[in-house]
Every structure is written in structure tokens, then in C-alpha cells.
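Student: Provided below: coords_18.cif, containing mmCIF, C-alpha atoms.
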data_structure
#
loop_
_atom_site.label_atom_id
_atom_site.label_comp_id
_atom_site.auth_asym_id
_atom_site.auth_seq_id
_atom_site.Cartn_x
_atom_site.Cartn_y
_atom_site.Cartn_z
CA MET A 1 128.46 83.01 110.87
CA ASP A 2 130.10 86.29 109.90
CA ASP A 3 127.60 89.18 110.14
CA GLU A 4 128.48 90.46 106.66
CA LEU A 5 127.98 87.05 105.08
CA GLN A 6 124.71 86.64 106.95
CA LEU A 7 123.53 90.01 105.62
CA ILE A 8 124.39 89.00 102.04
CA ILE A 9 122.49 85.72 102.42
CA LYS A 10 119.47 87.52 103.85
CA SER A 11 119.49 90.12 101.07
CA SER A 12 119.83 87.36 98.47
CA LEU A 13 116.84 85.49 99.90
CA ALA A 14 114.76 88.68 99.93
CA LEU A 15 115.69 89.45 96.33
CA THR A 16 114.88 85.89 95.26
CA ALA A 17 111.45 86.11 96.88
CA LEU A 18 110.78 89.49 95.28
CA LEU A 19 111.86 88.67 91.75
CA ASN A 20 110.27 85.18 91.81
CA PRO A 21 110.22 84.73 88.02
CA LEU A 22 107.63 81.96 88.31
CA SER A 23 105.03 84.46 89.55
CA VAL A 24 105.26 86.54 86.37
CA THR A 25 105.12 83.50 84.06
CA PRO A 26 101.28 83.49 83.69
CA ILE A 27 101.32 87.25 83.01
CA PHE A 28 104.15 86.82 80.51
CA LEU A 29 102.14 84.21 78.63
CA SER A 30 99.00 86.36 78.68
CA ILE A 31 100.73 89.38 77.11
CA THR A 32 102.68 87.44 74.49
CA ASP A 33 101.49 85.37 71.57
CA SER A 34 101.73 81.78 72.80
CA SER A 35 101.90 80.61 69.19
CA LYS A 36 105.23 82.40 68.74
CA VAL A 37 107.29 80.32 71.17
CA LYS A 38 110.46 81.00 69.17
CA GLU A 39 110.20 84.69 70.09
CA PHE A 40 110.16 83.98 73.84
CA LYS A 41 113.97 83.80 74.13
CA PRO A 42 114.71 87.23 72.55
CA ILE A 43 112.03 88.83 74.72
CA ALA A 44 113.36 87.03 77.80
CA PHE A 45 116.92 88.13 77.00
CA LYS A 46 115.99 91.81 76.71
CA ALA A 47 113.90 91.64 79.87
CA THR A 48 116.74 89.93 81.74
CA CYS A 49 119.26 92.56 80.61
CA THR A 50 116.87 95.27 81.82
CA VAL A 51 116.56 93.62 85.23
CA GLY A 52 120.33 93.19 85.49
CA ALA A 53 120.96 96.85 84.62
CA VAL A 54 118.38 98.07 87.16
CA LEU A 55 119.83 95.87 89.91
CA ALA A 56 123.45 96.84 89.20
CA ILE A 57 122.60 100.57 89.23
CA SER A 58 120.67 100.12 92.48
CA VAL A 59 123.57 98.29 94.15
CA PHE A 60 126.35 100.69 93.20
CA LEU A 61 124.51 104.03 92.95
CA GLY A 62 121.47 103.62 95.20
CA GLU A 63 123.20 104.95 98.31
CA TYR A 64 124.42 108.04 96.44
CA ILE A 65 120.94 108.69 95.04
CA LEU A 66 119.53 108.69 98.57
CA ALA A 67 122.27 111.09 99.71
CA PHE A 68 121.59 113.40 96.74
CA PHE A 69 117.93 113.74 97.74
CA GLY A 70 118.79 114.00 101.44
CA ILE A 71 116.92 110.81 102.37
CA SER A 72 118.21 108.89 105.37
CA LEU A 73 118.63 105.13 105.11
CA ASN A 74 116.27 104.52 108.04
CA SER A 75 113.50 106.58 106.41
CA PHE A 76 114.00 104.66 103.18
CA LYS A 77 113.88 101.39 105.12
CA MET A 78 110.49 102.35 106.54
CA ALA A 79 109.10 103.31 103.12
CA GLY A 80 110.64 100.27 101.44
CA GLY A 81 109.42 97.96 104.21
CA ILE A 82 105.85 99.16 103.76
CA ILE A 83 105.98 98.67 99.99
CA ILE A 84 107.52 95.21 100.34
CA PHE A 85 104.99 94.19 103.01
CA LEU A 86 102.08 95.20 100.76
CA MET A 87 103.64 93.22 97.93
CA ALA A 88 104.04 90.24 100.26
CA LEU A 89 100.35 90.38 101.18
CA SER A 90 99.44 90.25 97.49
CA MET A 91 101.77 87.29 97.01
CA VAL A 92 100.23 85.44 99.98
CA ASN A 93 96.86 85.89 98.26
CA ALA A 94 98.45 84.64 95.00
CA LYS A 95 97.83 87.95 93.25
CA PRO A 96 100.31 89.97 91.17
CA PRO A 97 101.69 92.72 93.47
CA ARG A 98 100.32 96.09 92.31
CA ALA A 99 103.71 97.65 93.06
CA LYS A 100 105.15 95.41 90.33
CA VAL A 101 102.33 95.36 87.79
CA THR A 102 99.21 97.49 87.40
CA GLN A 103 96.24 97.16 85.09
CA MET A 104 97.68 100.00 83.01
CA ASP A 105 100.91 98.03 82.55
CA LEU A 106 98.97 95.01 81.34
CA GLU A 107 96.86 97.07 78.94
CA GLU A 108 99.99 98.75 77.57
CA ALA A 109 101.67 95.40 77.07
CA GLU A 110 98.67 93.98 75.23
CA VAL A 111 98.56 96.77 72.65
CA ASN A 112 102.32 96.86 72.03
CA ASP A 113 104.42 94.48 69.94
CA ASP A 114 106.20 91.65 71.76
CA GLU A 115 109.57 93.37 71.20
CA ASP A 116 108.35 96.47 73.00
CA ILE A 117 107.20 94.75 76.19
CA SER A 118 110.60 93.18 76.94
CA ILE A 119 111.95 96.35 78.57
CA VAL A 120 108.77 98.13 79.71
CA PRO A 121 106.67 96.84 81.37
CA LEU A 122 108.15 93.30 81.57
CA GLY A 123 111.70 94.14 82.68
CA PHE A 124 110.56 97.18 84.62
CA PRO A 125 108.34 97.27 86.63
CA MET A 126 106.92 93.72 86.36
CA LEU A 127 110.19 92.06 87.38
CA ALA A 128 112.47 94.79 88.75
CA GLY A 129 109.87 97.04 90.36
CA PRO A 130 109.87 99.53 93.25
CA GLY A 131 109.98 96.80 95.90
CA THR A 132 112.96 95.12 94.26
CA VAL A 133 114.85 98.40 93.83
CA SER A 134 114.11 99.39 97.44
CA THR A 135 115.35 96.06 98.79
CA VAL A 136 118.58 96.18 96.78
CA ILE A 137 119.35 99.77 97.83
CA ILE A 138 118.59 99.12 101.51
CA TYR A 139 120.71 96.00 101.81
CA SER A 140 123.59 97.18 99.62
CA ALA A 141 123.81 100.42 101.62
CA SER A 142 124.26 98.29 104.75
CA PHE A 143 127.23 96.34 103.36
CA SER A 144 130.55 97.21 105.00
CA ALA A 145 133.07 94.87 103.35
CA ILE A 146 134.59 95.91 100.02
CA TRP A 147 133.73 92.53 98.46
CA SER A 148 130.07 92.55 99.50
CA LYS A 149 128.60 94.60 96.65
CA PRO A 150 130.44 92.71 93.87
CA ALA A 151 129.38 89.41 95.48
CA PHE A 152 125.77 90.60 95.65
CA VAL A 153 125.87 91.67 91.99
CA LEU A 154 127.15 88.21 91.05
CA TYR A 155 124.12 86.72 92.77
CA CYS A 156 121.92 89.20 90.91
CA ILE A 157 123.42 87.95 87.64
CA PHE A 158 122.65 84.38 88.69
CA LEU A 159 119.03 85.38 89.40
CA CYS A 160 118.84 87.07 86.00
CA TYR A 161 119.92 83.79 84.43
CA LEU A 162 117.12 81.99 86.28
CA ILE A 163 114.66 84.62 85.05
CA TYR A 164 115.85 84.09 81.48
CA ILE A 165 115.37 80.33 81.77
CA SER A 166 111.96 80.76 83.41
CA LEU A 167 110.63 83.14 80.75
CA SER A 168 112.20 81.25 77.84
CA PHE A 169 110.50 78.02 78.87
CA SER A 170 107.41 79.62 80.43
CA GLN A 171 105.01 77.52 78.38
CA LYS A 172 106.61 74.26 79.53
CA ILE A 173 106.77 75.49 83.15
CA MET A 174 103.06 76.34 83.10
CA ASN A 175 102.25 72.93 81.63
CA LYS A 176 104.25 71.20 84.39
CA LEU A 177 103.32 73.30 87.44
CA GLY A 178 100.01 74.84 86.41
CA ASN A 179 98.48 77.81 88.19
CA THR A 180 98.15 75.83 91.43
CA GLY A 181 101.86 75.00 91.63
CA ILE A 182 102.91 78.57 90.86
CA ASN A 183 100.43 79.94 93.42
CA VAL A 184 101.84 77.67 96.14
CA ILE A 185 105.41 78.84 95.43
CA THR A 186 104.27 82.48 95.31
CA ARG A 187 102.48 82.18 98.67
CA VAL A 188 105.54 80.66 100.35
CA MET A 189 107.72 83.45 98.95
CA GLY A 190 105.16 85.99 100.15
CA ILE A 191 105.28 84.74 103.74
CA LEU A 192 109.08 84.88 103.72
CA LEU A 193 109.00 88.37 102.25
CA ALA A 194 106.46 89.64 104.79
CA ALA A 195 108.69 88.53 107.67
CA MET A 196 111.71 90.29 106.13
CA ALA A 197 109.70 93.47 105.54
CA ILE A 198 108.58 93.57 109.18
CA GLU A 199 112.13 92.97 110.36
CA MET A 200 113.32 95.79 108.12
CA MET A 201 110.78 98.23 109.57
CA VAL A 202 111.43 97.15 113.18
CA LYS A 203 115.18 97.74 112.80
CA ALA A 204 114.54 101.18 111.28
CA ILE A 205 112.23 102.13 114.16
CA LYS A 206 114.76 100.95 116.75
CA THR A 207 117.53 102.99 115.14
CA MET A 208 115.37 106.10 114.80
CA PHE A 209 113.66 106.17 118.18
CA LEU A 210 115.65 104.00 120.60
#
In C-alpha cells, what does this structure look like?

Tutor:
Amino acid sequence: MDDELQLIIKSSLALTALLNPLSVTPIFLSITDSSKVKEFKPIAFKATCTVGAVLAISVFLGEYILAFFGISLNSFKMAGGIIIFLMALSMVNAKPPRAKVTQMDLEEAEVNDDEDISIVPLGFPMLAGPGTVSTVIIYSASFSAIWSKPAFVLYCIFLCYLIYISLSFSQKIMNKLGNTGINVITRVMGILLAAMAIEMMVKAIKTMFL
């Protein structure tokens, strides 16, 4: 398989594991009024647009942001790998990653109106958090073909659509899967993510010191 295509597939898998809209479904239901199911779609749409905007900016401008602050890609890989690995450990334990959502985020969401939570904290950082942004910047900065970034953004749009569907029908998903089903999926994603985080850090170390 072509190396560039393989890199895009790997980055897409990592992003899928990180976003994992099913993992935020219980939190989404806890911070919204479950009796107002009709309002789920507008909230989901705003949150999805926020995620899409964050991902697109990270893909096309992330590399330039690193250059502006004088941060090397390998150093960012190490930092990002650590953050992602810690998130993966939380996912393996079926807990919301603290890099994505903190107690303060939850408290803020509970006191705000439903319309307010769609962008912050639901869109950012609950869905598109530091780990997601780091992953997108690291992989997109490694793309060499001119078509790679647009192709990756198209996949990001597809993921945003899945997020929209997941949040819009979160009540039905919870009724079907339950906490146990969502925890199993989250744990599997966490294991996959941990392996990718370690690989990311190992490659950075090899480039820096070998």
C-alpha cells in the first residue's frame, strides 16, 4: 500500500477513536434536558459545526501555528503522544478523558442553557479537545501529497456527520446499547488509541535521538 494512503488511513483511525461520539452520549444526555428531545438536533448541529471548524483549522493551519511558536514537529509529537496516551488510559477504564472534559466543564454546562453548551463545552473541548487537535496537527503536518489534506478534511466531515447522528439520536442509542455497550466500544477504542500514541512517541524519539 502507498505510504501516503497508509498514513491517511492511520490518521483517520486515530481521529475516529479520539472523537468516538458514542463516549460523549451519556454526558450529552446528563447536561441536556432529556424531556426536550426536539432540541437535540439544533444542539447537535451547532456542536458538529464547531468540531468541523476546529478540525479544518488544525489541518490547514496547525503546521504554521507550530512554526510561529518555534515548536518542532517531533517535540509536538512527544507532547501530543503523552496527552493521547493519558486519554487512552481513561478510555480503557471507561471514564471520560480529563483532557476532553473536566468537572468544571460539566458544572458550566449544567448551569447554562442548552443553546450555550453546543459550542462550549460540548463542541470544544468535549468532542474536539486537545488530544484531537494534537492528532490532527501531527498527522496533517506529515502529509506530503497535495491531495492528502483535502482528503483528510473530507473524512473529518464524514466523522462530523456521524457525530451529528449520534447526538441527535442519543436517547435511542442509549436505550439500545446502554452504558455497558458504550463502555465496551470506548475500551476497544482506548486500546487502539494507546497503541497509536506509543507509536507516535517512539517515532519522535527515533527521529530526535537516533

Student: Identify which of the residues A:Leu19, A:Leu154, A:Leu159, A:Ala14 lies closest to Leu192 in chain A, counting all atoms listed in the file when measuring atom-to-atom distances.

Tutor: A:Ala14

Student: I need the residue nearest Ala141 in chain A from this list: A:Pro21, A:Gly181, A:Gly62, A:Pro121. Use all atoms listed in the file for the distance.

Tutor: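 Under the stated criterion, the closest residue is A:Gly62.
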
Student: Enter the distance from CA of Ile182 in chain A to CA of Met91 in chain A, in Å, rounded to one decimal.

Tutor: 10.7 Å

Student: Work out how far apart CA of Phe158 in chain A and CA of Pro125 in chain A are and give it in Å to one decimal.

Tutor: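 Those two atoms sit 19.4 Å apart.
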
Student: When distances are computed from all atoms listed in the file, which of A:Leu127, A:Ile165, A:Ala145, A:Val136 shows the smallest separation from Gly81 in chain A?

Tutor: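 Looking only at the distances to Gly81 in chain A, the closest residue turns out to be A:Val136.
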
Student: Write out N, CA and C atoms for range 41-58 of chain A, as a PDB file, keeping the file's coordinate frame.

Tutor:
ATOM      1  N   LYS A  41     112.580  83.617  73.690  1.00  0.00           N
ATOM      2  CA  LYS A  41     113.970  83.800  74.130  1.00  0.00           C
ATOM      3  C   LYS A  41     114.485  85.214  73.896  1.00  0.00           C
ATOM      4  N   PRO A  42     114.269  85.833  72.722  1.00  0.00           N
ATOM      5  CA  PRO A  42     114.710  87.230  72.550  1.00  0.00           C
ATOM      6  C   PRO A  42     114.038  88.194  73.525  1.00  0.00           C
ATOM      7  N   ILE A  43     112.743  87.983  73.765  1.00  0.00           N
ATOM      8  CA  ILE A  43     112.030  88.830  74.720  1.00  0.00           C
ATOM      9  C   ILE A  43     112.590  88.621  76.122  1.00  0.00           C
ATOM     10  N   ALA A  44     112.815  87.357  76.479  1.00  0.00           N
ATOM     11  CA  ALA A  44     113.360  87.030  77.800  1.00  0.00           C
ATOM     12  C   ALA A  44     114.755  87.620  77.976  1.00  0.00           C
ATOM     13  N   PHE A  45     115.555  87.594  76.919  1.00  0.00           N
ATOM     14  CA  PHE A  45     116.920  88.130  77.000  1.00  0.00           C
ATOM     15  C   PHE A  45     116.912  89.631  77.255  1.00  0.00           C
ATOM     16  N   LYS A  46     116.075  90.367  76.519  1.00  0.00           N
ATOM     17  CA  LYS A  46     115.990  91.810  76.710  1.00  0.00           C
ATOM     18  C   LYS A  46     115.466  92.161  78.103  1.00  0.00           C
ATOM     19  N   ALA A  47     114.464  91.408  78.542  1.00  0.00           N
ATOM     20  CA  ALA A  47     113.900  91.640  79.870  1.00  0.00           C
ATOM     21  C   ALA A  47     114.940  91.372  80.949  1.00  0.00           C
ATOM     22  N   THR A  48     115.698  90.289  80.775  1.00  0.00           N
ATOM     23  CA  THR A  48     116.740  89.930  81.740  1.00  0.00           C
ATOM     24  C   THR A  48     117.833  90.989  81.794  1.00  0.00           C
ATOM     25  N   CYS A  49     118.247  91.497  80.644  1.00  0.00           N
ATOM     26  CA  CYS A  49     119.260  92.560  80.610  1.00  0.00           C
ATOM     27  C   CYS A  49     118.755  93.816  81.319  1.00  0.00           C
ATOM     28  N   THR A  50     117.468  94.118  81.149  1.00  0.00           N
ATOM     29  CA  THR A  50     116.870  95.270  81.820  1.00  0.00           C
ATOM     30  C   THR A  50     116.916  95.096  83.332  1.00  0.00           C
ATOM     31  N   VAL A  51     116.532  93.908  83.793  1.00  0.00           N
ATOM     32  CA  VAL A  51     116.560  93.620  85.230  1.00  0.00           C
ATOM     33  C   VAL A  51     117.975  93.731  85.771  1.00  0.00           C
ATOM     34  N   GLY A  52     118.936  93.138  85.053  1.00  0.00           N
ATOM     35  CA  GLY A  52     120.330  93.190  85.490  1.00  0.00           C
ATOM     36  C   GLY A  52     120.853  94.613  85.592  1.00  0.00           C
ATOM     37  N   ALA A  53     120.508  95.454  84.605  1.00  0.00           N
ATOM     38  CA  ALA A  53     120.960  96.850  84.620  1.00  0.00           C
ATOM     39  C   ALA A  53     120.356  97.608  85.799  1.00  0.00           C
ATOM     40  N   VAL A  54     119.056  97.395  86.042  1.00  0.00           N
ATOM     41  CA  VAL A  54     118.380  98.070  87.160  1.00  0.00           C
ATOM     42  C   VAL A  54     118.992  97.658  88.496  1.00  0.00           C
ATOM     43  N   LEU A  55     119.257  96.364  88.657  1.00  0.00           N
ATOM     44  CA  LEU A  55     119.830  95.870  89.910  1.00  0.00           C
ATOM     45  C   LEU A  55     121.249  96.395  90.126  1.00  0.00           C
ATOM     46  N   ALA A  56     122.064  96.378  89.080  1.00  0.00           N
ATOM     47  CA  ALA A  56     123.450  96.840  89.200  1.00  0.00           C
ATOM     48  C   ALA A  56     123.503  98.327  89.566  1.00  0.00           C
ATOM     49  N   ILE A  57     122.659  99.133  88.919  1.00  0.00           N
ATOM     50  CA  ILE A  57     122.600 100.570  89.230  1.00  0.00           C
ATOM     51  C   ILE A  57     122.156 100.782  90.677  1.00  0.00           C
ATOM     52  N   SER A  58     121.174  99.993  91.109  1.00  0.00           N
ATOM     53  CA  SER A  58     120.670 100.120  92.480  1.00  0.00           C
ATOM     54  C   SER A  58     121.741  99.768  93.512  1.00  0.00           C
TER      55      SER A  58
END
